[in-house]
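Enquirer: Let me give you the structure first, and then I'll get to my questions.
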Amino acid sequence: MIPQTLLSSLSLLLSFFLGGDPALTPTPTWCLQTSNALEQLTSCLDNFKIQLDEFNAITYQIAQPTPYQREAWSETVTSLLHLDGNCSAIPVPDSLKGIYTVTTFTESSGAEYCIFVETSIVCKAYLKGWGYMVVPGTRSAISRDIHLSAPHPGYDLGTVQQATSVFKSTGARTLLVPGRERTAYHAPSDCILPTTSKTVYYMTDPAHSTAEPFFDANIAIYNWQHASGGCPSASCAFIQLHGKGASTYGHSPSREWYQDETDRPVKRLKTELSTAFPPWNISLPSDTACILTATKNVIGRHINGVPLPGVCNTPAQASDATGEFVHIEQAIVSRDPKYFDTWSRVLKDTFATSCADGMTMDPQTKLCVVTRVGGGPKYLVLSPA
């Protein structure tokens, strides 16, 4: 007979390896229920991303959305952009039920956000890994039409946390994060082909593949923005936060970009960053020795004028670039949390506010506030600080 103490030990060991008590095992739903702040929530969700080589040819195809799911995904993204205090009223399409939810997340501070997030997991990772989207809970909490994303979670360390922090503190309109690492499926992308033997883009790299739902979400956001008054240079941009290593120097392929006299978001951002971080090397594609200038980024290509059918094989032209696509390649030091507040200040100084009716910019916080409260000249901050 096996001693009871040994049975108990074996039971605990099996519980550990098999995932333990479901009530105690972290899940995306658990993250939503236990996080006190948005930064804590997105860091928690980051644990469920599909990681290096977890897909093979079969599992990748199973995890890809069907045409109906892809359409429903984009429709739900658009629904969040129309949100004004009615997150719970946004339905989850039938083809996404059991995989995704749309729910309100309330910080301990009282700030509310609406999040479209996957809740299904297998082996402690997302079942699909299409990503998630966050928007402020009300229109009055939006101060700027800037759309932030961290396309390479896990690979570009710290960018999810950086994007979340800046999203909150600037009163941005959207935050978008994929649920897969760029190397989750190591097959080369059938969209962007390498130009050298040292360069490989993967099927699950959302910056270089139109098959990723992250691409569809960006297109839905872009289409909504341009159907809702456009993307004015003063107050609007699509900003991707990336990370680079130390060996990414060579000849920039984009020397002719942004050399005109037109005011553009990326030019203002360079000026503000240079002021905020004097010791750092801040450069544009036209004056950099870095080869990472996003010329093959499929989302950037479309925003810079390439029609959707051609983004895989047609480069954007400098003459068509509006500057509303901002691709930030940054060394690891730039992603240190101690600099997040400075990044926030820089973006606030780069982009004007786009306040809701009846609101104006508070000169101290540079966020949109109710113009007057109780007839007096007081400000009430409605956006998360």
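All residue names refer to the structure tokens as shown: chains lettered A, B, ... in order, residues numbered from 1 in each chain, ligands numbered from 1 in order.
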Which of region 167-203 of chain A counts as alpha helix (DSSP H) under DSSP, as a PyMOL selection string please?

Expert: chain A and resi 167-170

Enquirer: May I have a table of the residues of region 274-347 of chain A lying at most 9 Å from region 224-246 of chain A, giving each one's closest pair of atoms and their distance in Å to one decimal, counting only C-alpha atoms, ordered by chain and ascending residue number, as a Markdown table?

Expert:
```
| residue | atom | partner | partner_atom | distance |
| --- | --- | --- | --- | --- |
| A:Leu292 | CA | A:Lys244 | CA | 8.2 |
| A:Gly300 | CA | A:Phe238 | CA | 8.8 |
| A:Ile303 | CA | A:Phe238 | CA | 8.6 |
| A:Thr322 | CA | A:Ser233 | CA | 8.2 |
| A:Gly323 | CA | A:Ser233 | CA | 7.7 |
| A:Glu324 | CA | A:Ala237 | CA | 4.5 |
| A:Phe325 | CA | A:Phe238 | CA | 4.9 |
| A:Val326 | CA | A:Ile239 | CA | 4.7 |
| A:His327 | CA | A:Gln240 | CA | 5.0 |
| A:Ile328 | CA | A:Leu241 | CA | 5.2 |
| A:Glu329 | CA | A:His242 | CA | 5.0 |
| A:Gln330 | CA | A:Gly243 | CA | 4.9 |
| A:Ala331 | CA | A:Lys244 | CA | 5.4 |
| A:Ile332 | CA | A:Gly243 | CA | 6.7 |
| A:Ser334 | CA | A:Gly243 | CA | 8.8 |
| A:Arg335 | CA | A:Gly243 | CA | 8.0 |
```

Enquirer: Mind dumping the selected residues with N, CA and C atoms as a tab-separated table (two decimals), in the first residue's frame?

Expert:
```
chain	number	residue	atom	x	y	z
A	292	LEU	N	16.44	50.38	-39.31
A	292	LEU	CA	15.06	50.04	-38.96
A	292	LEU	C	14.16	51.27	-39.14
A	300	GLY	N	2.12	50.68	-41.79
A	300	GLY	CA	2.70	51.96	-42.18
A	300	GLY	C	2.58	52.22	-43.66
A	303	ILE	N	-1.04	53.40	-44.31
A	303	ILE	CA	-1.27	54.75	-43.79
A	303	ILE	C	-0.52	55.78	-44.64
A	322	THR	N	2.27	61.09	-45.00
A	322	THR	CA	1.60	62.19	-44.29
A	322	THR	C	2.26	62.48	-42.96
A	323	GLY	N	3.00	61.50	-42.42
A	323	GLY	CA	3.60	61.66	-41.10
A	323	GLY	C	2.69	61.21	-39.98
A	324	GLU	N	1.47	60.73	-40.30
A	324	GLU	CA	0.57	60.29	-39.24
A	324	GLU	C	0.92	58.88	-38.74
A	325	PHE	N	1.74	58.15	-39.49
A	325	PHE	CA	2.25	56.87	-38.99
A	325	PHE	C	3.60	57.13	-38.34
A	326	VAL	N	3.70	56.80	-37.05
A	326	VAL	CA	4.94	57.05	-36.30
A	326	VAL	C	5.44	55.71	-35.76
A	327	HIS	N	6.56	55.27	-36.30
A	327	HIS	CA	7.18	54.01	-35.90
A	327	HIS	C	8.40	54.36	-35.05
A	328	ILE	N	8.37	54.00	-33.78
A	328	ILE	CA	9.44	54.39	-32.86
A	328	ILE	C	10.31	53.18	-32.55
A	329	GLU	N	11.53	53.18	-33.06
A	329	GLU	CA	12.53	52.18	-32.71
A	329	GLU	C	13.38	52.75	-31.58
A	330	GLN	N	13.53	51.99	-30.50
A	330	GLN	CA	14.19	52.54	-29.32
A	330	GLN	C	15.06	51.51	-28.62
A	331	ALA	N	16.16	51.99	-28.08
A	331	ALA	CA	17.05	51.14	-27.30
A	331	ALA	C	16.37	50.79	-25.97
A	332	ILE	N	16.90	49.81	-25.28
A	332	ILE	CA	16.28	49.31	-24.06
A	332	ILE	C	16.18	50.39	-22.99
A	334	SER	N	15.42	53.44	-23.29
A	334	SER	CA	14.27	54.29	-23.54
A	334	SER	C	12.98	53.68	-23.02
A	335	ARG	N	13.00	52.35	-22.83
A	335	ARG	CA	11.80	51.64	-22.36
A	335	ARG	C	11.79	51.44	-20.86
```

Enquirer: Considering only C-alpha atoms, can you say which of A:Leu38, A:Cys44, A:Ala63, A:Val311 comes closest to Leu175 (chain A)?

Expert: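 When distances to Leu175 (chain A) are compared using only C-alpha atoms, the smallest one comes from A:Leu38.
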
Enquirer: Between A:Gln364, A:Thr183, A:Gln61, A:Asn36, single out the one closest to Arg345 (chain A), counting only C-alpha atoms.

Expert: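 The shortest atom-to-atom distance to Arg345 (chain A) comes from A:Gln364.
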
Enquirer: Applying 9 Å and only C-alpha atoms, which residues near region 57-59 of chain A remain after dropping the ones on its own chain fewer than 4 positions away? List them as a PDB file with N, CA, C and O atoms, in the first residue's frame.

Expert:
```pdb
ATOM      1  N   ALA A  63      -5.600  28.208 -35.326  1.00  0.00           N
ATOM      2  CA  ALA A  63      -5.731  29.426 -34.518  1.00  0.00           C
ATOM      3  C   ALA A  63      -6.103  30.654 -35.341  1.00  0.00           C
ATOM      4  O   ALA A  63      -6.517  31.671 -34.774  1.00  0.00           O
ATOM      5  N   GLN A  64      -5.979  30.580 -36.659  1.00  0.00           N
ATOM      6  CA  GLN A  64      -6.308  31.735 -37.496  1.00  0.00           C
ATOM      7  C   GLN A  64      -7.830  31.944 -37.552  1.00  0.00           C
ATOM      8  O   GLN A  64      -8.599  30.978 -37.524  1.00  0.00           O
ATOM      9  N   TYR A 185       5.146  31.490 -34.713  1.00  0.00           N
ATOM     10  CA  TYR A 185       5.208  30.520 -35.814  1.00  0.00           C
ATOM     11  C   TYR A 185       6.377  30.930 -36.699  1.00  0.00           C
ATOM     12  O   TYR A 185       6.368  31.984 -37.319  1.00  0.00           O
ATOM     13  N   ALA A 187       7.560  30.029 -39.504  1.00  0.00           N
ATOM     14  CA  ALA A 187       7.516  30.017 -40.971  1.00  0.00           C
ATOM     15  C   ALA A 187       7.654  31.442 -41.493  1.00  0.00           C
ATOM     16  O   ALA A 187       7.105  32.392 -40.911  1.00  0.00           O
TER      17      ALA A 187
END
```

Enquirer: Would you list the contacts of Asn86 (chain A) as a PDB file with all heavy atoms, in the first residue's frame, taking every protein, DNA or RNA residue within 12 Å and counting only C-alpha atoms, but skipping same-chain residues closer than 2 positions in sequence?

Expert:
```pdb
ATOM      1  N   SER A  79     -16.864  49.066 -33.133  1.00  0.00           N
ATOM      2  CA  SER A  79     -17.881  49.356 -32.114  1.00  0.00           C
ATOM      3  C   SER A  79     -17.259  50.025 -30.892  1.00  0.00           C
ATOM      4  O   SER A  79     -17.846  50.936 -30.305  1.00  0.00           O
ATOM      5  CB  SER A  79     -18.599  48.071 -31.691  1.00  0.00           C
ATOM      6  OG  SER A  79     -19.358  47.532 -32.748  1.00  0.00           O
ATOM      7  N   LEU A  80     -16.080  49.585 -30.502  1.00  0.00           N
ATOM      8  CA  LEU A  80     -15.412  50.192 -29.345  1.00  0.00           C
ATOM      9  C   LEU A  80     -15.072  51.650 -29.600  1.00  0.00           C
ATOM     10  O   LEU A  80     -15.049  52.464 -28.665  1.00  0.00           O
ATOM     11  CB  LEU A  80     -14.145  49.415 -28.987  1.00  0.00           C
ATOM     12  CG  LEU A  80     -14.282  48.407 -27.830  1.00  0.00           C
ATOM     13  CD1 LEU A  80     -15.156  47.235 -28.254  1.00  0.00           C
ATOM     14  CD2 LEU A  80     -12.922  47.912 -27.361  1.00  0.00           C
ATOM     15  N   LEU A  81     -14.820  52.000 -30.847  1.00  0.00           N
ATOM     16  CA  LEU A  81     -14.460  53.377 -31.171  1.00  0.00           C
ATOM     17  C   LEU A  81     -15.658  54.315 -31.065  1.00  0.00           C
ATOM     18  O   LEU A  81     -15.490  55.535 -30.931  1.00  0.00           O
ATOM     19  CB  LEU A  81     -13.863  53.435 -32.572  1.00  0.00           C
ATOM     20  CG  LEU A  81     -12.497  52.758 -32.700  1.00  0.00           C
ATOM     21  CD1 LEU A  81     -12.171  52.469 -34.158  1.00  0.00           C
ATOM     22  CD2 LEU A  81     -11.413  53.616 -32.069  1.00  0.00           C
ATOM     23  N   HIS A  82     -16.868  53.773 -31.129  1.00  0.00           N
ATOM     24  CA  HIS A  82     -18.084  54.576 -30.973  1.00  0.00           C
ATOM     25  C   HIS A  82     -18.526  54.666 -29.513  1.00  0.00           C
ATOM     26  O   HIS A  82     -19.529  55.298 -29.213  1.00  0.00           O
ATOM     27  CB  HIS A  82     -19.221  53.973 -31.804  1.00  0.00           C
ATOM     28  CG  HIS A  82     -19.030  54.124 -33.281  1.00  0.00           C
ATOM     29  ND1 HIS A  82     -19.249  55.318 -33.939  1.00  0.00           N
ATOM     30  CD2 HIS A  82     -18.645  53.229 -34.231  1.00  0.00           C
ATOM     31  CE1 HIS A  82     -19.011  55.157 -35.229  1.00  0.00           C
ATOM     32  NE2 HIS A  82     -18.640  53.907 -35.436  1.00  0.00           N
ATOM     33  N   LEU A  83     -17.769  54.050 -28.628  1.00  0.00           N
ATOM     34  CA  LEU A  83     -18.159  53.925 -27.230  1.00  0.00           C
ATOM     35  C   LEU A  83     -18.281  55.283 -26.534  1.00  0.00           C
ATOM     36  O   LEU A  83     -17.467  56.173 -26.729  1.00  0.00           O
ATOM     37  CB  LEU A  83     -17.111  53.081 -26.495  1.00  0.00           C
ATOM     38  CG  LEU A  83     -17.297  52.899 -24.996  1.00  0.00           C
ATOM     39  CD1 LEU A  83     -18.354  51.838 -24.737  1.00  0.00           C
ATOM     40  CD2 LEU A  83     -15.976  52.505 -24.344  1.00  0.00           C
ATOM     41  N   ASP A  84     -19.309  55.395 -25.700  1.00  0.00           N
ATOM     42  CA  ASP A  84     -19.425  56.546 -24.803  1.00  0.00           C
ATOM     43  C   ASP A  84     -20.214  56.121 -23.562  1.00  0.00           C
ATOM     44  O   ASP A  84     -21.391  56.432 -23.389  1.00  0.00           O
ATOM     45  CB  ASP A  84     -20.124  57.721 -25.488  1.00  0.00           C
ATOM     46  CG  ASP A  84     -20.019  59.012 -24.671  1.00  0.00           C
ATOM     47  OD1 ASP A  84     -19.299  59.011 -23.651  1.00  0.00           O
ATOM     48  OD2 ASP A  84     -20.656  60.004 -25.049  1.00  0.00           O
ATOM     49  N   SER A  88     -20.909  47.783 -21.776  1.00  0.00           N
ATOM     50  CA  SER A  88     -21.664  46.546 -21.577  1.00  0.00           C
ATOM     51  C   SER A  88     -22.696  46.308 -22.671  1.00  0.00           C
ATOM     52  O   SER A  88     -23.203  45.193 -22.823  1.00  0.00           O
ATOM     53  CB  SER A  88     -22.360  46.565 -20.216  1.00  0.00           C
ATOM     54  OG  SER A  88     -23.263  47.659 -20.132  1.00  0.00           O
ATOM     55  N   ALA A  89     -23.009  47.355 -23.437  1.00  0.00           N
ATOM     56  CA  ALA A  89     -24.007  47.214 -24.504  1.00  0.00           C
ATOM     57  C   ALA A  89     -23.405  46.717 -25.810  1.00  0.00           C
ATOM     58  O   ALA A  89     -24.142  46.437 -26.754  1.00  0.00           O
ATOM     59  CB  ALA A  89     -24.708  48.556 -24.734  1.00  0.00           C
ATOM     60  N   ILE A  90     -22.073  46.630 -25.875  1.00  0.00           N
ATOM     61  CA  ILE A  90     -21.427  46.152 -27.102  1.00  0.00           C
ATOM     62  C   ILE A  90     -21.514  44.635 -27.141  1.00  0.00           C
ATOM     63  O   ILE A  90     -20.967  43.949 -26.271  1.00  0.00           O
ATOM     64  CB  ILE A  90     -19.963  46.613 -27.175  1.00  0.00           C
ATOM     65  CG1 ILE A  90     -19.885  48.144 -27.235  1.00  0.00           C
ATOM     66  CG2 ILE A  90     -19.267  46.001 -28.382  1.00  0.00           C
ATOM     67  CD1 ILE A  90     -18.483  48.687 -27.218  1.00  0.00           C
ATOM     68  N   PRO A  91     -22.199  44.071 -28.122  1.00  0.00           N
ATOM     69  CA  PRO A  91     -22.366  42.615 -28.152  1.00  0.00           C
ATOM     70  C   PRO A  91     -21.122  41.918 -28.691  1.00  0.00           C
ATOM     71  O   PRO A  91     -20.402  42.454 -29.533  1.00  0.00           O
ATOM     72  CB  PRO A  91     -23.549  42.430 -29.106  1.00  0.00           C
ATOM     73  CG  PRO A  91     -23.444  43.594 -30.050  1.00  0.00           C
ATOM     74  CD  PRO A  91     -22.905  44.743 -29.237  1.00  0.00           C
ATOM     75  N   VAL A 102     -16.202  41.487 -24.293  1.00  0.00           N
ATOM     76  CA  VAL A 102     -16.107  42.942 -24.201  1.00  0.00           C
ATOM     77  C   VAL A 102     -16.591  43.318 -22.815  1.00  0.00           C
ATOM     78  O   VAL A 102     -17.734  43.015 -22.449  1.00  0.00           O
ATOM     79  CB  VAL A 102     -16.962  43.646 -25.269  1.00  0.00           C
ATOM     80  CG1 VAL A 102     -16.888  45.167 -25.083  1.00  0.00           C
ATOM     81  CG2 VAL A 102     -16.505  43.276 -26.668  1.00  0.00           C
ATOM     82  N   THR A 103     -15.727  43.934 -22.030  1.00  0.00           N
ATOM     83  CA  THR A 103     -16.085  44.176 -20.639  1.00  0.00           C
ATOM     84  C   THR A 103     -15.473  45.464 -20.121  1.00  0.00           C
ATOM     85  O   THR A 103     -14.477  45.961 -20.662  1.00  0.00           O
ATOM     86  CB  THR A 103     -15.621  42.995 -19.754  1.00  0.00           C
ATOM     87  OG1 THR A 103     -16.125  43.156 -18.431  1.00  0.00           O
ATOM     88  CG2 THR A 103     -14.102  42.913 -19.700  1.00  0.00           C
ATOM     89  N   THR A 104     -16.071  45.995 -19.073  1.00  0.00           N
ATOM     90  CA  THR A 104     -15.545  47.193 -18.415  1.00  0.00           C
ATOM     91  C   THR A 104     -14.483  46.795 -17.406  1.00  0.00           C
ATOM     92  O   THR A 104     -14.676  45.853 -16.624  1.00  0.00           O
ATOM     93  CB  THR A 104     -16.664  47.960 -17.696  1.00  0.00           C
ATOM     94  OG1 THR A 104     -17.633  48.396 -18.655  1.00  0.00           O
ATOM     95  CG2 THR A 104     -16.113  49.182 -16.969  1.00  0.00           C
ATOM     96  N   GLU A 112     -12.370  54.213 -15.754  1.00  0.00           N
ATOM     97  CA  GLU A 112     -12.962  53.070 -16.432  1.00  0.00           C
ATOM     98  C   GLU A 112     -12.452  52.943 -17.867  1.00  0.00           C
ATOM     99  O   GLU A 112     -12.265  53.941 -18.561  1.00  0.00           O
ATOM    100  CB  GLU A 112     -14.494  53.191 -16.458  1.00  0.00           C
ATOM    101  CG  GLU A 112     -15.142  53.008 -15.100  1.00  0.00           C
ATOM    102  CD  GLU A 112     -16.656  52.914 -15.199  1.00  0.00           C
ATOM    103  OE1 GLU A 112     -17.200  53.139 -16.294  1.00  0.00           O
ATOM    104  OE2 GLU A 112     -17.289  52.610 -14.173  1.00  0.00           O
ATOM    105  N   TYR A 113     -12.273  51.701 -18.274  1.00  0.00           N
ATOM    106  CA  TYR A 113     -11.857  51.383 -19.638  1.00  0.00           C
ATOM    107  C   TYR A 113     -12.735  50.256 -20.163  1.00  0.00           C
ATOM    108  O   TYR A 113     -13.250  49.438 -19.408  1.00  0.00           O
ATOM    109  CB  TYR A 113     -10.386  50.956 -19.667  1.00  0.00           C
ATOM    110  CG  TYR A 113      -9.448  52.022 -19.162  1.00  0.00           C
ATOM    111  CD1 TYR A 113      -9.109  52.079 -17.813  1.00  0.00           C
ATOM    112  CD2 TYR A 113      -8.935  52.980 -20.021  1.00  0.00           C
ATOM    113  CE1 TYR A 113      -8.273  53.075 -17.331  1.00  0.00           C
ATOM    114  CE2 TYR A 113      -8.092  53.978 -19.550  1.00  0.00           C
ATOM    115  CZ  TYR A 113      -7.767  54.025 -18.210  1.00  0.00           C
ATOM    116  OH  TYR A 113      -6.948  55.013 -17.737  1.00  0.00           O
ATOM    117  N   CYS A 114     -12.880  50.220 -21.459  1.00  0.00           N
ATOM    118  CA  CYS A 114     -13.589  49.127 -22.114  1.00  0.00           C
ATOM    119  C   CYS A 114     -12.545  48.301 -22.848  1.00  0.00           C
ATOM    120  O   CYS A 114     -11.720  48.854 -23.595  1.00  0.00           O
ATOM    121  CB  CYS A 114     -14.636  49.663 -23.086  1.00  0.00           C
ATOM    122  SG  CYS A 114     -15.736  48.392 -23.765  1.00  0.00           S
ATOM    123  N   ILE A 115     -12.563  46.990 -22.639  1.00  0.00           N
ATOM    124  CA  ILE A 115     -11.535  46.129 -23.218  1.00  0.00           C
ATOM    125  C   ILE A 115     -12.170  44.978 -23.981  1.00  0.00           C
ATOM    126  O   ILE A 115     -13.124  44.355 -23.530  1.00  0.00           O
ATOM    127  CB  ILE A 115     -10.563  45.611 -22.126  1.00  0.00           C
ATOM    128  CG1 ILE A 115      -9.464  44.742 -22.746  1.00  0.00           C
ATOM    129  CG2 ILE A 115     -11.299  44.871 -21.021  1.00  0.00           C
ATOM    130  CD1 ILE A 115      -8.308  44.445 -21.802  1.00  0.00           C
ATOM    131  N   VAL A 135     -10.008  50.951 -24.835  1.00  0.00           N
ATOM    132  CA  VAL A 135     -10.389  52.349 -25.070  1.00  0.00           C
ATOM    133  C   VAL A 135     -10.875  52.940 -23.756  1.00  0.00           C
ATOM    134  O   VAL A 135     -11.334  52.206 -22.873  1.00  0.00           O
ATOM    135  CB  VAL A 135     -11.500  52.475 -26.138  1.00  0.00           C
ATOM    136  CG1 VAL A 135     -11.031  51.944 -27.483  1.00  0.00           C
ATOM    137  CG2 VAL A 135     -12.769  51.771 -25.688  1.00  0.00           C
ATOM    138  N   PRO A 136     -10.791  54.262 -23.577  1.00  0.00           N
ATOM    139  CA  PRO A 136     -11.371  54.885 -22.389  1.00  0.00           C
ATOM    140  C   PRO A 136     -12.873  54.611 -22.318  1.00  0.00           C
ATOM    141  O   PRO A 136     -13.542  54.441 -23.344  1.00  0.00           O
ATOM    142  CB  PRO A 136     -11.082  56.375 -22.588  1.00  0.00           C
ATOM    143  CG  PRO A 136      -9.869  56.399 -23.469  1.00  0.00           C
ATOM    144  CD  PRO A 136     -10.058  55.240 -24.408  1.00  0.00           C
ATOM    145  N   GLY A 137     -13.414  54.587 -21.106  1.00  0.00           N
ATOM    146  CA  GLY A 137     -14.806  54.217 -20.922  1.00  0.00           C
ATOM    147  C   GLY A 137     -15.822  55.213 -21.428  1.00  0.00           C
ATOM    148  O   GLY A 137     -16.969  54.850 -21.687  1.00  0.00           O
ATOM    149  N   THR A 138     -15.412  56.481 -21.574  1.00  0.00           N
ATOM    150  CA  THR A 138     -16.317  57.515 -22.063  1.00  0.00           C
ATOM    151  C   THR A 138     -15.593  58.414 -23.046  1.00  0.00           C
ATOM    152  O   THR A 138     -14.359  58.504 -23.028  1.00  0.00           O
ATOM    153  CB  THR A 138     -16.856  58.388 -20.910  1.00  0.00           C
ATOM    154  OG1 THR A 138     -15.752  59.036 -20.261  1.00  0.00           O
ATOM    155  CG2 THR A 138     -17.618  57.550 -19.886  1.00  0.00           C
ATOM    156  N   ARG A 139     -16.345  59.102 -23.866  1.00  0.00           N
ATOM    157  CA  ARG A 139     -15.750  60.045 -24.820  1.00  0.00           C
ATOM    158  C   ARG A 139     -15.044  61.167 -24.083  1.00  0.00           C
ATOM    159  O   ARG A 139     -14.003  61.661 -24.543  1.00  0.00           O
ATOM    160  CB  ARG A 139     -16.847  60.597 -25.752  1.00  0.00           C
ATOM    161  CG  ARG A 139     -16.388  61.763 -26.645  1.00  0.00           C
ATOM    162  CD  ARG A 139     -15.292  61.345 -27.599  1.00  0.00           C
ATOM    163  NE  ARG A 139     -14.787  62.454 -28.389  1.00  0.00           N
ATOM    164  CZ  ARG A 139     -13.733  63.205 -28.049  1.00  0.00           C
ATOM    165  NH1 ARG A 139     -13.082  62.973 -26.907  1.00  0.00           N
ATOM    166  NH2 ARG A 139     -13.320  64.175 -28.843  1.00  0.00           N
TER     167      ARG A 139
END
```

Enquirer: Pick out the closest residue to Thr101 (chain A) from this set: A:Thr29, A:Thr204, A:Thr34, A:Thr342. Count only C-alpha atoms.

Expert: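 Selected residue with least distance to Thr101 (chain A): A:Thr29.
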
Enquirer: Rank nothing, just name the residue among A:His208, A:Lys168, A:Lys49, A:His186 nearest to Pro153 (chain A), using only C-alpha atoms.

Expert: A:Lys49

Enquirer: Between A:Ile146, A:Val333, A:Leu52, A:Leu157, which residue has the minimum interatomic distance to Arg173 (chain A), considering only C-alpha atoms?

Expert: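 Checking each candidate against Arg173 (chain A), we get A:Ile146 as the closest.
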